[in-house]
Amino acid sequence: MEKDKQSLLQQFIKWRERNINEKQFILILSFLVGIFTATAALILKFFIHEIQNFLTENFDTTEANYLYLVYPVVGIFLAGWFVRNIVKDDISHGVTKILYAISRRQGRIKRHNIWSSTIASAITIGFGGSVGAEAPIVLTGSAIGSNLGSVFKMEHRTLMLLLGCGAAGAIAGIFKAPIAGVVFTLEVLMIDLTMSSLLPLLISAVTAATVSYVITGTEAMFKFHLDQAFELERIPYVILLGIFCGLVSLYFTRMMNSIEGVFGKLANPYKRLAFGGIMLSILIFLFPPLYGEGYDTINLLLTGTTSAEWDTVMNNSMFYGDGNLLLIYLLLIIFFKVFASSATNGGGGCGGIFAPSLYLGCIAGFIFSHFSNGLEFAAYLPEKNFALMGMAGVMSGVMHAPLTGVFLIAELTGGYDLFLPLIIVSVSSYLTIIVFEPHSIYSMRLAKKGQLITHHKDKAVLTLMKMENVVEKDFVVVHPEMDLGELVKAIAASHRNVFPVTDKRTGELLGVVLLDDIRNIMFRQELYHRFTVNKLMISVPAKIYETDGMEQVMQTFDDTKAWNLPVVDKDGRYQGFVSKSKIFNSYRQVLVHFSED
């Protein structure tokens, strides 16, 4: 049966190659990717809401609910068990995994990601994990695109494009935001923008959004009605809000990295579960708005207009009825949200930071405007408008993606009337955080390893080049105790003019012997036993480590003005040489491939 299936697939591939050219087939695949990713997004949202409604429908809104101490721990335990025992692979940091696949110029995502992150995140968020479903569904969509291309034996460049189509379709499907889906793929995932790549991305995004519209209706994800039009006199306040959102984004990014570092030091999964579970359950018990994605709180702040409505954010908590503590309560939520999100993922759960970014931004915008309205000298700032702008601000700052922030919030809420202030807030936030953090929360992990592809063509090509492809290992190795006679025999067996000198026992690189330095004595046989390699070798101007990125390698060449440099491992053991000529040849090959449409 398997052979028959394989045979049918091969027959179809041959038929396709004869009758449908590659560009047309890519458009067909991008259409299919849009349908599949939207379906996956809707399934994920359905399961999250069903689990949440089943667990919390009987909660009393007027007092604290002690089941908040139980549900989140159960959720991250089940998700962690599922990942360890069934998936048996790391599925966290979905967007970072996509960026890594792109940086490796492979475009391949493991097949299990089509379903594994969807199941794990549904369990995690449904039981109260304080994360979002968007990053897991983006990974799911990218896996769908990547594996669909692999089934039909598409080349690596096409797989990368289909991977981007999956991401665009996932964002468009889950948010009903086709423009944001395309912009996210171009701005965050850094898919190279050409006409041949833009059309498939658009097809996937529009198809996914259409599927969502057909199944769930045409209403925007968040209800927002503009009661007061934007006035130009509020522009200074909008800029200040952008700066505030940039600082909130900086706090969120750095604190999340720090807390993840703490969890990373806990090797035992049950220790991580205990640490994360206790932290998460206590925070959700004290601040119920931290339960799940937090979209109920966002809807409340975007639609509420009176203190009585805003105070309902404290329902289900021990602070119920204390309206005078609203701002302090919301400030504490901003402070603790990053702890709750990090504890969810660190303890074994699965989720992303899309929803936390929107959540923090909405609260930050509300706090900024509500506090300002309490000042006699300040102009009146509509809370719901600034809550909306804050969502764009924090998302732009955390993701380093101002265009994504603008278009996503506009499409999520239908708030196109506030397009100008959305742009101002997003740009202000981005310019604020870029002063302190050059990379987004997604890309900084890869940037530290030199594996981050960028829109800068030259740097992108260097990122795509791998050290193992440029290291030359045909150099004859000599040792310090060898005499000149033995060295001459080594020279006769080599076609190189550089000879690495290593410790015979450890393999550590000690220096090099240059043929030009010994040319005047190498034929004087009376000196063959007088000189040793130890006396003839010289130090190298610099060493290249096998873990160095190509950008760092080129910088070392520029600093030393050398033509050949040795490569060593982390312990200093000799691995080979890398030369400028080899790098330039490899660079040209990658550039030609990279620049093709």
# chains A, B, ... in the order shown; residues from 1 in each chain; ligands from 1
$ select_by_dssp --residues "segment 433-586 of chain A" --states "strand (DSSP E)" --output "PyMOL selection string"
chain A and resi 498-502+509-514+544-545+564-568+574-579
$ residues_around --residues "Val214 of chain A" --least-positions-apart "6" --cutoff "12 Å" --atoms "only C-alpha atoms" --output "PyMOL selection string"
chain A and resi 35+38-39+42+173+176+207-208
$ residues_around --residues "Glu231 of chain A" --least-positions-apart "5" --cutoff "12 Å" --atoms "only C-alpha atoms" --output "PyMOL selection string"
chain A and resi 236-238+379-382+385+417-418+420-421
$ closest_residue --among "A:Lys473, A:Thr303, A:Gln575, A:Leu536" --to "Leu509 of chain A" --atoms "only C-alpha atoms"
A:Gln575
$ residues_around --residues "Val471 of chain A" --least-positions-apart "4" --cutoff "9 Å" --atoms "only C-alpha atoms" --output "ChimeraX atom specification"
/A:467,546,566-567,575-579,582
$ closest_residue --among "A:Lys14, A:Ala340, A:Ser443, A:Val131" --to "Gly277 of chain A" --atoms "only C-alpha atoms"
A:Ala340
$ decode --residues "segment 175-188 of chain A" --atoms "all heavy atoms" --output "PDB file, in the first residue's frame"
ATOM      1  N   PHE A 175      -5.954  35.862  13.483  1.00  0.00           N
ATOM      2  CA  PHE A 175      -6.324  37.238  13.800  1.00  0.00           C
ATOM      3  C   PHE A 175      -7.305  37.854  12.790  1.00  0.00           C
ATOM      4  O   PHE A 175      -7.725  38.990  12.973  1.00  0.00           O
ATOM      5  CB  PHE A 175      -5.079  38.124  13.840  1.00  0.00           C
ATOM      6  CG  PHE A 175      -4.240  37.955  15.072  1.00  0.00           C
ATOM      7  CD1 PHE A 175      -2.867  37.774  14.972  1.00  0.00           C
ATOM      8  CD2 PHE A 175      -4.793  38.003  16.339  1.00  0.00           C
ATOM      9  CE1 PHE A 175      -2.076  37.642  16.103  1.00  0.00           C
ATOM     10  CE2 PHE A 175      -4.016  37.869  17.475  1.00  0.00           C
ATOM     11  CZ  PHE A 175      -2.657  37.684  17.359  1.00  0.00           C
ATOM     12  N   LYS A 176      -7.607  37.150  11.695  1.00  0.00           N
ATOM     13  CA  LYS A 176      -8.361  37.742  10.572  1.00  0.00           C
ATOM     14  C   LYS A 176      -7.653  38.998  10.073  1.00  0.00           C
ATOM     15  O   LYS A 176      -8.275  40.049   9.884  1.00  0.00           O
ATOM     16  CB  LYS A 176      -9.794  38.090  10.995  1.00  0.00           C
ATOM     17  CG  LYS A 176     -10.630  36.917  11.475  1.00  0.00           C
ATOM     18  CD  LYS A 176     -12.037  37.400  11.778  1.00  0.00           C
ATOM     19  CE  LYS A 176     -12.875  36.316  12.403  1.00  0.00           C
ATOM     20  NZ  LYS A 176     -14.210  36.804  12.790  1.00  0.00           N
ATOM     21  N   ALA A 177      -6.369  38.880   9.880  1.00  0.00           N
ATOM     22  CA  ALA A 177      -5.539  40.049   9.551  1.00  0.00           C
ATOM     23  C   ALA A 177      -4.565  39.708   8.428  1.00  0.00           C
ATOM     24  O   ALA A 177      -3.379  39.442   8.690  1.00  0.00           O
ATOM     25  CB  ALA A 177      -4.790  40.512  10.804  1.00  0.00           C
ATOM     26  N   PRO A 178      -5.037  39.699   7.170  1.00  0.00           N
ATOM     27  CA  PRO A 178      -4.161  39.280   6.073  1.00  0.00           C
ATOM     28  C   PRO A 178      -2.956  40.187   5.840  1.00  0.00           C
ATOM     29  O   PRO A 178      -1.860  39.701   5.561  1.00  0.00           O
ATOM     30  CB  PRO A 178      -5.098  39.286   4.855  1.00  0.00           C
ATOM     31  CG  PRO A 178      -6.258  40.145   5.249  1.00  0.00           C
ATOM     32  CD  PRO A 178      -6.410  39.987   6.709  1.00  0.00           C
ATOM     33  N   ILE A 179      -3.149  41.505   5.950  1.00  0.00           N
ATOM     34  CA  ILE A 179      -2.016  42.414   5.740  1.00  0.00           C
ATOM     35  C   ILE A 179      -0.967  42.191   6.814  1.00  0.00           C
ATOM     36  O   ILE A 179       0.236  42.117   6.533  1.00  0.00           O
ATOM     37  CB  ILE A 179      -2.480  43.883   5.734  1.00  0.00           C
ATOM     38  CG1 ILE A 179      -3.485  44.115   4.609  1.00  0.00           C
ATOM     39  CG2 ILE A 179      -1.290  44.826   5.558  1.00  0.00           C
ATOM     40  CD1 ILE A 179      -4.095  45.509   4.615  1.00  0.00           C
ATOM     41  N   ALA A 180      -1.408  42.068   8.064  1.00  0.00           N
ATOM     42  CA  ALA A 180      -0.472  41.836   9.163  1.00  0.00           C
ATOM     43  C   ALA A 180       0.280  40.530   8.969  1.00  0.00           C
ATOM     44  O   ALA A 180       1.464  40.427   9.313  1.00  0.00           O
ATOM     45  CB  ALA A 180      -1.215  41.820  10.499  1.00  0.00           C
ATOM     46  N   GLY A 181      -0.396  39.509   8.426  1.00  0.00           N
ATOM     47  CA  GLY A 181       0.273  38.233   8.174  1.00  0.00           C
ATOM     48  C   GLY A 181       1.432  38.379   7.220  1.00  0.00           C
ATOM     49  O   GLY A 181       2.532  37.864   7.460  1.00  0.00           O
ATOM     50  N   VAL A 182       1.215  39.109   6.128  1.00  0.00           N
ATOM     51  CA  VAL A 182       2.283  39.322   5.141  1.00  0.00           C
ATOM     52  C   VAL A 182       3.393  40.178   5.735  1.00  0.00           C
ATOM     53  O   VAL A 182       4.589  39.858   5.603  1.00  0.00           O
ATOM     54  CB  VAL A 182       1.713  39.985   3.869  1.00  0.00           C
ATOM     55  CG1 VAL A 182       2.843  40.352   2.912  1.00  0.00           C
ATOM     56  CG2 VAL A 182       0.718  39.066   3.184  1.00  0.00           C
ATOM     57  N   VAL A 183       3.017  41.261   6.409  1.00  0.00           N
ATOM     58  CA  VAL A 183       4.019  42.177   6.968  1.00  0.00           C
ATOM     59  C   VAL A 183       4.843  41.471   8.041  1.00  0.00           C
ATOM     60  O   VAL A 183       6.068  41.654   8.110  1.00  0.00           O
ATOM     61  CB  VAL A 183       3.331  43.435   7.539  1.00  0.00           C
ATOM     62  CG1 VAL A 183       4.338  44.300   8.288  1.00  0.00           C
ATOM     63  CG2 VAL A 183       2.687  44.247   6.423  1.00  0.00           C
ATOM     64  N   PHE A 184       4.204  40.650   8.876  1.00  0.00           N
ATOM     65  CA  PHE A 184       4.931  39.892   9.900  1.00  0.00           C
ATOM     66  C   PHE A 184       5.992  39.003   9.264  1.00  0.00           C
ATOM     67  O   PHE A 184       7.131  38.928   9.726  1.00  0.00           O
ATOM     68  CB  PHE A 184       3.952  39.044  10.706  1.00  0.00           C
ATOM     69  CG  PHE A 184       4.598  38.049  11.637  1.00  0.00           C
ATOM     70  CD1 PHE A 184       5.037  38.437  12.886  1.00  0.00           C
ATOM     71  CD2 PHE A 184       4.782  36.718  11.252  1.00  0.00           C
ATOM     72  CE1 PHE A 184       5.643  37.524  13.746  1.00  0.00           C
ATOM     73  CE2 PHE A 184       5.383  35.810  12.091  1.00  0.00           C
ATOM     74  CZ  PHE A 184       5.817  36.216  13.349  1.00  0.00           C
ATOM     75  N   THR A 185       5.622  38.325   8.189  1.00  0.00           N
ATOM     76  CA  THR A 185       6.560  37.417   7.524  1.00  0.00           C
ATOM     77  C   THR A 185       7.754  38.175   6.950  1.00  0.00           C
ATOM     78  O   THR A 185       8.893  37.724   7.031  1.00  0.00           O
ATOM     79  CB  THR A 185       5.840  36.642   6.408  1.00  0.00           C
ATOM     80  OG1 THR A 185       4.710  35.973   6.978  1.00  0.00           O
ATOM     81  CG2 THR A 185       6.760  35.627   5.773  1.00  0.00           C
ATOM     82  N   LEU A 186       7.495  39.343   6.386  1.00  0.00           N
ATOM     83  CA  LEU A 186       8.572  40.125   5.787  1.00  0.00           C
ATOM     84  C   LEU A 186       9.425  40.825   6.849  1.00  0.00           C
ATOM     85  O   LEU A 186      10.639  40.925   6.711  1.00  0.00           O
ATOM     86  CB  LEU A 186       7.994  41.181   4.829  1.00  0.00           C
ATOM     87  CG  LEU A 186       7.212  40.639   3.628  1.00  0.00           C
ATOM     88  CD1 LEU A 186       6.590  41.801   2.852  1.00  0.00           C
ATOM     89  CD2 LEU A 186       8.117  39.824   2.716  1.00  0.00           C
ATOM     90  N   GLU A 187       8.780  41.297   7.917  1.00  0.00           N
ATOM     91  CA  GLU A 187       9.471  42.136   8.902  1.00  0.00           C
ATOM     92  C   GLU A 187      10.122  41.329  10.016  1.00  0.00           C
ATOM     93  O   GLU A 187      11.246  41.626  10.428  1.00  0.00           O
ATOM     94  CB  GLU A 187       8.468  43.125   9.499  1.00  0.00           C
ATOM     95  CG  GLU A 187       9.097  44.266  10.273  1.00  0.00           C
ATOM     96  CD  GLU A 187       8.067  45.280  10.732  1.00  0.00           C
ATOM     97  OE1 GLU A 187       6.894  44.894  10.946  1.00  0.00           O
ATOM     98  OE2 GLU A 187       8.419  46.453  10.875  1.00  0.00           O
ATOM     99  N   VAL A 188       9.435  40.307  10.513  1.00  0.00           N
ATOM    100  CA  VAL A 188       9.954  39.528  11.642  1.00  0.00           C
ATOM    101  C   VAL A 188      10.741  38.309  11.159  1.00  0.00           C
ATOM    102  O   VAL A 188      11.860  38.051  11.618  1.00  0.00           O
ATOM    103  CB  VAL A 188       8.802  39.086  12.575  1.00  0.00           C
ATOM    104  CG1 VAL A 188       9.338  38.223  13.715  1.00  0.00           C
ATOM    105  CG2 VAL A 188       8.076  40.304  13.133  1.00  0.00           C
TER     106      VAL A 188
END
